[in-house]
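Below: structure-v4.cif (mmCIF, C-alpha atoms)
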data_protein
loop_
_atom_site.group_PDB
_atom_site.id
_atom_site.type_symbol
_atom_site.label_atom_id
_atom_site.label_comp_id
_atom_site.auth_asym_id
_atom_site.auth_seq_id
_atom_site.Cartn_x
_atom_site.Cartn_y
_atom_site.Cartn_z
ATOM 1 C CA MET V 72 -112.590 -23.680 71.237
ATOM 2 C CA ALA V 73 -114.663 -26.394 72.882
ATOM 3 C CA GLN V 74 -115.736 -29.392 70.877
ATOM 4 C CA ARG V 75 -119.345 -29.154 69.721
ATOM 5 C CA GLU V 76 -121.768 -31.976 69.073
ATOM 6 C CA TYR V 77 -124.495 -32.037 66.459
ATOM 7 C CA LYS V 78 -127.369 -34.481 66.245
ATOM 8 C CA LEU V 79 -128.887 -35.587 62.935
ATOM 9 C CA VAL V 80 -131.783 -37.975 62.487
ATOM 10 C CA PHE V 81 -132.317 -40.430 59.653
ATOM 11 C CA THR V 82 -135.948 -41.452 59.291
ATOM 12 C CA GLY V 83 -138.283 -43.102 56.822
ATOM 13 C CA PRO V 84 -140.299 -46.290 56.389
ATOM 14 C CA MET V 85 -138.988 -49.760 57.109
ATOM 15 C CA GLY V 86 -136.508 -50.848 54.468
ATOM 16 C CA ALA V 87 -135.725 -47.330 53.194
ATOM 17 C CA GLY V 88 -132.059 -47.657 54.192
ATOM 18 C CA LYS V 89 -131.608 -45.732 57.435
ATOM 19 C CA THR V 90 -129.343 -48.320 59.032
ATOM 20 C CA THR V 91 -127.401 -48.752 55.787
ATOM 21 C CA ALA V 92 -126.920 -44.983 55.348
ATOM 22 C CA ILE V 93 -125.571 -44.572 58.866
ATOM 23 C CA ARG V 94 -123.213 -47.525 58.383
ATOM 24 C CA ALA V 95 -122.012 -46.028 55.085
ATOM 25 C CA ILE V 96 -120.653 -42.893 56.753
ATOM 26 C CA SER V 97 -120.087 -43.670 60.436
ATOM 27 C CA GLN V 98 -116.478 -43.596 61.555
ATOM 28 C CA VAL V 99 -117.253 -45.731 64.586
ATOM 29 C CA ARG V 100 -118.856 -49.117 64.806
ATOM 30 C CA THR V 101 -122.580 -48.503 64.580
ATOM 31 C CA VAL V 102 -125.050 -49.497 67.240
ATOM 32 C CA ALA V 103 -128.243 -51.106 65.988
ATOM 33 C CA THR V 104 -131.309 -52.359 67.817
ATOM 34 C CA ASP V 105 -132.519 -54.771 65.177
ATOM 35 C CA VAL V 106 -135.076 -57.405 66.100
ATOM 36 C CA GLU V 107 -136.890 -60.074 64.121
ATOM 37 C CA ASN V 108 -139.437 -58.538 61.781
ATOM 38 C CA THR V 109 -142.874 -59.760 62.836
ATOM 39 C CA ASP V 110 -144.783 -57.298 60.642
ATOM 40 C CA LEU V 111 -146.591 -59.713 58.336
ATOM 41 C CA ASN V 112 -147.348 -56.901 55.872
ATOM 42 C CA ASN V 113 -143.629 -56.261 55.389
ATOM 43 C CA ARG V 114 -142.008 -59.702 55.493
ATOM 44 C CA PHE V 115 -139.488 -58.795 52.787
ATOM 45 C CA LYS V 116 -137.055 -57.825 55.519
ATOM 46 C CA GLU V 117 -135.907 -60.319 58.167
ATOM 47 C CA THR V 118 -135.016 -57.726 60.827
ATOM 48 C CA THR V 119 -136.181 -54.248 61.696
ATOM 49 C CA THR V 120 -134.980 -51.460 63.980
ATOM 50 C CA ALA V 121 -136.923 -51.429 67.246
ATOM 51 C CA ALA V 122 -135.397 -48.425 69.021
ATOM 52 C CA LEU V 123 -132.634 -46.638 67.113
ATOM 53 C CA ASP V 124 -129.432 -46.860 65.143
ATOM 54 C CA TYR V 125 -126.386 -44.842 66.120
ATOM 55 C CA GLY V 126 -123.157 -43.802 64.447
ATOM 56 C CA GLU V 127 -120.874 -40.801 64.456
ATOM 57 C CA VAL V 128 -118.573 -38.746 62.307
ATOM 58 C CA THR V 129 -115.785 -36.461 63.509
ATOM 59 C CA LEU V 130 -115.873 -33.182 61.609
ATOM 60 C CA ALA V 131 -112.956 -30.892 60.815
ATOM 61 C CA GLY V 132 -111.857 -29.225 64.030
ATOM 62 C CA GLY V 133 -112.963 -32.153 66.190
ATOM 63 C CA ASP V 134 -116.690 -31.454 66.340
ATOM 64 C CA LYS V 135 -118.862 -34.587 66.465
ATOM 65 C CA LEU V 136 -121.798 -35.370 64.238
ATOM 66 C CA ARG V 137 -123.998 -37.893 65.993
ATOM 67 C CA LEU V 138 -126.193 -39.906 63.645
ATOM 68 C CA TYR V 139 -129.442 -41.427 64.869
ATOM 69 C CA GLY V 140 -131.763 -43.661 62.862
ATOM 70 C CA THR V 141 -135.396 -44.089 63.839
ATOM 71 C CA PRO V 142 -137.448 -47.255 63.578
ATOM 72 C CA GLY V 143 -139.405 -47.290 60.333
ATOM 73 C CA GLN V 144 -142.617 -48.888 61.501
ATOM 74 C CA GLU V 145 -145.327 -46.465 62.579
ATOM 75 C CA ARG V 146 -146.061 -48.591 65.647
ATOM 76 C CA PHE V 147 -142.712 -47.339 66.980
ATOM 77 C CA ASP V 148 -143.552 -43.670 66.314
ATOM 78 C CA PHE V 149 -143.169 -42.859 70.008
ATOM 79 C CA MET V 150 -139.429 -43.385 69.430
ATOM 80 C CA TRP V 151 -139.462 -40.790 66.639
ATOM 81 C CA LYS V 152 -140.123 -38.008 69.143
ATOM 82 C CA ILE V 153 -137.555 -39.340 71.592
ATOM 83 C CA VAL V 154 -134.820 -39.765 68.985
ATOM 84 C CA SER V 155 -135.481 -36.419 67.259
ATOM 85 C CA LYS V 156 -135.408 -34.308 70.427
ATOM 86 C CA GLY V 157 -132.623 -31.750 70.043
ATOM 87 C CA ALA V 158 -131.860 -32.714 66.448
ATOM 88 C CA LEU V 159 -130.277 -30.116 64.220
ATOM 89 C CA GLY V 160 -131.720 -31.687 61.085
ATOM 90 C CA VAL V 161 -133.441 -34.682 59.550
ATOM 91 C CA VAL V 162 -132.721 -36.889 56.547
ATOM 92 C CA ILE V 163 -135.920 -38.512 55.288
ATOM 93 C CA LEU V 164 -135.290 -41.653 53.259
ATOM 94 C CA ILE V 165 -137.970 -43.063 50.967
ATOM 95 C CA ASP V 166 -137.993 -46.407 49.134
ATOM 96 C CA ASN V 167 -139.531 -45.836 45.700
ATOM 97 C CA THR V 168 -140.418 -49.534 45.333
ATOM 98 C CA ARG V 169 -142.857 -49.478 48.259
ATOM 99 C CA PRO V 170 -146.572 -49.581 47.437
ATOM 100 C CA ASP V 171 -147.166 -45.849 48.068
ATOM 101 C CA PRO V 172 -143.951 -43.839 48.507
ATOM 102 C CA VAL V 173 -145.868 -40.542 48.281
ATOM 103 C CA ALA V 174 -148.000 -41.540 51.279
ATOM 104 C CA ASP V 175 -144.804 -42.617 53.069
ATOM 105 C CA LEU V 176 -143.241 -39.194 52.533
ATOM 106 C CA THR V 177 -146.405 -37.469 53.736
ATOM 107 C CA ILE V 178 -146.250 -39.410 57.018
ATOM 108 C CA TYR V 179 -142.644 -38.414 57.696
ATOM 109 C CA LEU V 180 -143.014 -34.778 56.637
ATOM 110 C CA LYS V 181 -145.882 -34.478 59.120
ATOM 111 C CA ALA V 182 -144.181 -36.450 61.906
ATOM 112 C CA PHE V 183 -140.992 -34.352 61.698
ATOM 113 C CA ALA V 184 -142.687 -31.061 60.766
ATOM 114 C CA ASP V 185 -140.960 -29.087 63.525
ATOM 115 C CA ILE V 186 -137.523 -29.859 62.067
ATOM 116 C CA VAL V 187 -138.643 -29.725 58.415
ATOM 117 C CA GLU V 188 -140.274 -26.296 58.859
ATOM 118 C CA ARG V 189 -136.959 -24.888 60.124
ATOM 119 C CA SER V 190 -135.540 -25.814 56.691
ATOM 120 C CA HIS V 191 -133.268 -28.374 58.244
ATOM 121 C CA ALA V 192 -134.296 -31.359 56.146
ATOM 122 C CA VAL V 193 -133.389 -33.252 53.001
ATOM 123 C CA ILE V 194 -135.119 -36.150 51.269
ATOM 124 C CA GLY V 195 -133.318 -39.082 49.683
ATOM 125 C CA VAL V 196 -135.331 -41.354 47.401
ATOM 126 C CA GLY V 197 -133.856 -44.792 46.893
ATOM 127 C CA ARG V 198 -134.373 -47.541 44.339
ATOM 128 C CA THR V 199 -135.460 -45.113 41.619
ATOM 129 C CA GLU V 200 -133.661 -47.285 39.058
ATOM 130 C CA MET V 201 -136.076 -50.116 39.941
ATOM 131 C CA SER V 202 -139.146 -47.894 40.139
ATOM 132 C CA PRO V 203 -138.827 -44.540 38.339
ATOM 133 C CA THR V 204 -142.225 -43.277 39.519
ATOM 134 C CA PRO V 205 -143.091 -41.254 41.391
ATOM 135 C CA THR V 206 -140.448 -38.911 40.058
ATOM 136 C CA ILE V 207 -138.207 -36.609 42.056
ATOM 137 C CA SER V 208 -140.333 -33.716 40.722
ATOM 138 C CA GLN V 209 -143.472 -35.324 42.132
ATOM 139 C CA PHE V 210 -141.864 -35.576 45.566
ATOM 140 C CA HIS V 211 -140.911 -31.871 45.302
ATOM 141 C CA GLU V 212 -144.500 -31.018 44.381
ATOM 142 C CA LEU V 213 -145.814 -32.962 47.386
ATOM 143 C CA ALA V 214 -143.509 -31.122 49.776
ATOM 144 C CA ASN V 215 -144.430 -27.770 48.215
ATOM 145 C CA SER V 216 -148.141 -28.605 48.530
ATOM 146 C CA MET V 217 -147.525 -29.137 52.252
ATOM 147 C CA GLY V 218 -145.900 -25.707 52.481
ATOM 148 C CA VAL V 219 -142.277 -26.797 52.826
ATOM 149 C CA ALA V 220 -139.302 -26.420 50.525
ATOM 150 C CA VAL V 221 -137.162 -29.516 50.933
ATOM 151 C CA PRO V 222 -134.374 -30.650 48.586
ATOM 152 C CA VAL V 223 -135.039 -34.103 47.100
ATOM 153 C CA PHE V 224 -132.391 -36.383 45.600
ATOM 154 C CA SER V 225 -132.251 -39.841 44.084
ATOM 155 C CA VAL V 226 -129.738 -41.773 46.206
ATOM 156 C CA ASP V 227 -128.233 -45.168 46.808
ATOM 157 C CA VAL V 228 -127.684 -45.274 50.571
ATOM 158 C CA ARG V 229 -125.105 -48.022 50.141
ATOM 159 C CA GLU V 230 -122.877 -45.440 48.468
ATOM 160 C CA ARG V 231 -120.971 -43.275 50.938
ATOM 161 C CA ASP V 232 -120.809 -40.350 48.469
ATOM 162 C CA ASP V 233 -124.607 -40.340 48.032
ATOM 163 C CA VAL V 234 -125.150 -40.162 51.795
ATOM 164 C CA LEU V 235 -122.475 -37.464 52.120
ATOM 165 C CA LEU V 236 -124.273 -35.456 49.411
ATOM 166 C CA LEU V 237 -127.439 -35.482 51.542
ATOM 167 C CA LEU V 238 -125.457 -34.264 54.556
ATOM 168 C CA ASP V 239 -123.668 -31.569 52.530
ATOM 169 C CA VAL V 240 -127.008 -30.190 51.322
ATOM 170 C CA LEU V 241 -128.473 -30.369 54.819
ATOM 171 C CA PHE V 242 -125.523 -28.505 56.350
ATOM 172 C CA HIS V 243 -125.685 -25.874 53.619
ATOM 173 C CA GLN V 244 -129.349 -25.274 54.508
ATOM 174 C CA ILE V 245 -128.481 -24.986 58.178
ATOM 175 C CA GLU V 246 -125.633 -22.531 57.526
ATOM 176 C CA VAL V 247 -127.773 -20.350 55.238
ATOM 177 C CA ARG V 248 -130.740 -20.399 57.612
ATOM 178 C CA ASP V 249 -128.576 -19.582 60.638
ATOM 179 C CA ALA V 250 -126.842 -16.744 58.760
ATOM 180 C CA ASP V 251 -130.249 -15.318 57.765
ATOM 181 C CA GLU V 252 -131.484 -15.510 61.357
ATOM 182 C CA GLU V 253 -128.313 -13.834 62.661
ATOM 183 C CA PHE V 254 -128.660 -11.102 60.055
ATOM 184 C CA GLN V 255 -132.288 -10.486 61.033
ATOM 185 C CA THR V 256 -131.432 -10.494 64.734
ATOM 186 C CA ASN V 257 -128.579 -8.003 64.341
ATOM 187 C CA GLY V 258 -130.569 -5.809 61.976
ATOM 188 C CA GLU V 259 -130.084 -4.849 58.388
ATOM 189 C CA ALA V 260 -126.972 -2.877 57.470
#
Rewrite the structure from the file as structure tokens, please.
Amino acid sequence: MAQREYKLVFTGPMGAGKTTAIRAISQVRTVATDVENTDLNNRFKETTTAALDYGEVTLAGGDKLRLYGTPGQERFDFMWKIVSKGALGVVILIDNTRPDPVADLTIYLKAFADIVERSHAVIGVGRTEMSPTPTISQFHELANSMGVAVPVFSVDVRERDDVLLLLDVLFHQIEVRDADEEFQTNGEA
């Protein structure tokens, strides 16, 4: 059987941990396009991703999982469309210590709606130990109010197991959705 390649996108606001998450699980040296952060509203971070981050994981059987991270600043949103083209799924990362994490999630659910609506998305909320509100339930309610059912987890993207949990849930969604579509295509028994 020929080796297959899958593309996953990590997105979210600046400082949410996209680069860190990819580094936590990539089996190859990651590629990053970090530049000096000149966004005076977000000076807490010295560098920011200007184009994309890249890493990869080899799956059982030799298939490749290609990991792409988007820039977090909205001024680079043109890259979001470029990076997400052909993506199998999206991991949305949110930093709960930002001024309005609910508004942040709304932006990314809308920007990646085509992938999210296919049920190929998962949300990871970081720094909940530092800022317990909004709660995971409130993020679920927001997604539901936008008409999408997306799993939401509290995560520490520095922890490989937390990032792998997000990917496990995402792949489970993809497998279930694809099986449902195949069943509907082939007809009921």
Matched chain/residue IDs from the PyMOL selection byres ((chain V and resi 93) around 8), as JSON, numbers by chain: {"V": [81, 89, 90, 91, 92, 94, 95, 96, 97, 101, 124, 125, 126, 138, 139, 140]}
Point (-140.9, -46.8, 64.8), cut-off 9 Å, counting only C-alpha atoms, residues as a PyMOL selection string: chain V and resi 84-85+120-123+141-151
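The spacing separating CA of Arg229 (chain V) from CA of Ile245 (chain V) amounts to 24.6 Å.
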Val173 (chain V) surroundings by all atoms listed in the file, 8 Å radius, close-in-sequence under 5 positions cut, as a list of chain:residue names: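 Listed by chain and then number, they are V:Pro205, V:Phe210, V:Leu213.
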Spatial neighbours of Leu180 (chain V), 9 Å, only C-alpha atoms, chain gap at least 3 places, as a list in words: Ile163, Asp175, Leu176, Thr177, Phe183, Ala184, Val187, Ala214, Met217 and Val219 of chain V
Separation of CA of Val228 (chain V) from CA of Leu241 (chain V), in Å and rounded to one decimal: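 Between CA of Val228 (chain V) and CA of Leu241 (chain V) the gap is 15.5 Å.
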Test item: residues at most 10 Å from Pro203 (chain V), all atoms listed in the file, excluding those fewer than 6 positions along its chain, as a ChimeraX atom specification: /V:167-168,197,225
Please produce a file of those selected residues containing C-alpha atoms, as a PDB file, in the frame of the given file.
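Listed below is the output, out_31.pdb:
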ATOM      1  CA  ASN V 167    -139.531 -45.836  45.700  1.00  0.00           C
ATOM      2  CA  THR V 168    -140.418 -49.534  45.333  1.00  0.00           C
ATOM      3  CA  GLY V 197    -133.856 -44.792  46.893  1.00  0.00           C
ATOM      4  CA  SER V 225    -132.251 -39.841  44.084  1.00  0.00           C
TER       5      SER V 225
END
Interatomic distance (Å, one decimal) between CA of Gly195 (chain V) and CA of Lys135 (chain V):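 Between CA of Gly195 (chain V) and CA of Lys135 (chain V) the gap is 22.6 Å.
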Which of V:Ala87, V:Ala174, V:Ala103, V:Leu79 sits closest to Leu237 (chain V) [using all atoms listed in the file]: V:Leu79
Please evaluate the PyMOL selection byres ((chain V and resi 196) around 8) against the displayed coordinates and give the resulting residues as a compact mmCIF listing (two decimals) with C-alpha atoms, in the frame of the given file.
# COMPACT_ATOMS: atom_id res chain seq x y z
CA LEU V 164 -135.29 -41.65 53.26
CA ILE V 165 -137.97 -43.06 50.97
CA ASP V 166 -137.99 -46.41 49.13
CA ASN V 167 -139.53 -45.84 45.70
CA ILE V 194 -135.12 -36.15 51.27
CA GLY V 195 -133.32 -39.08 49.68
CA GLY V 197 -133.86 -44.79 46.89
CA ARG V 198 -134.37 -47.54 44.34
CA THR V 199 -135.46 -45.11 41.62
CA ILE V 207 -138.21 -36.61 42.06
CA VAL V 223 -135.04 -34.10 47.10
CA PHE V 224 -132.39 -36.38 45.60
CA SER V 225 -132.25 -39.84 44.08
CA VAL V 226 -129.74 -41.77 46.21
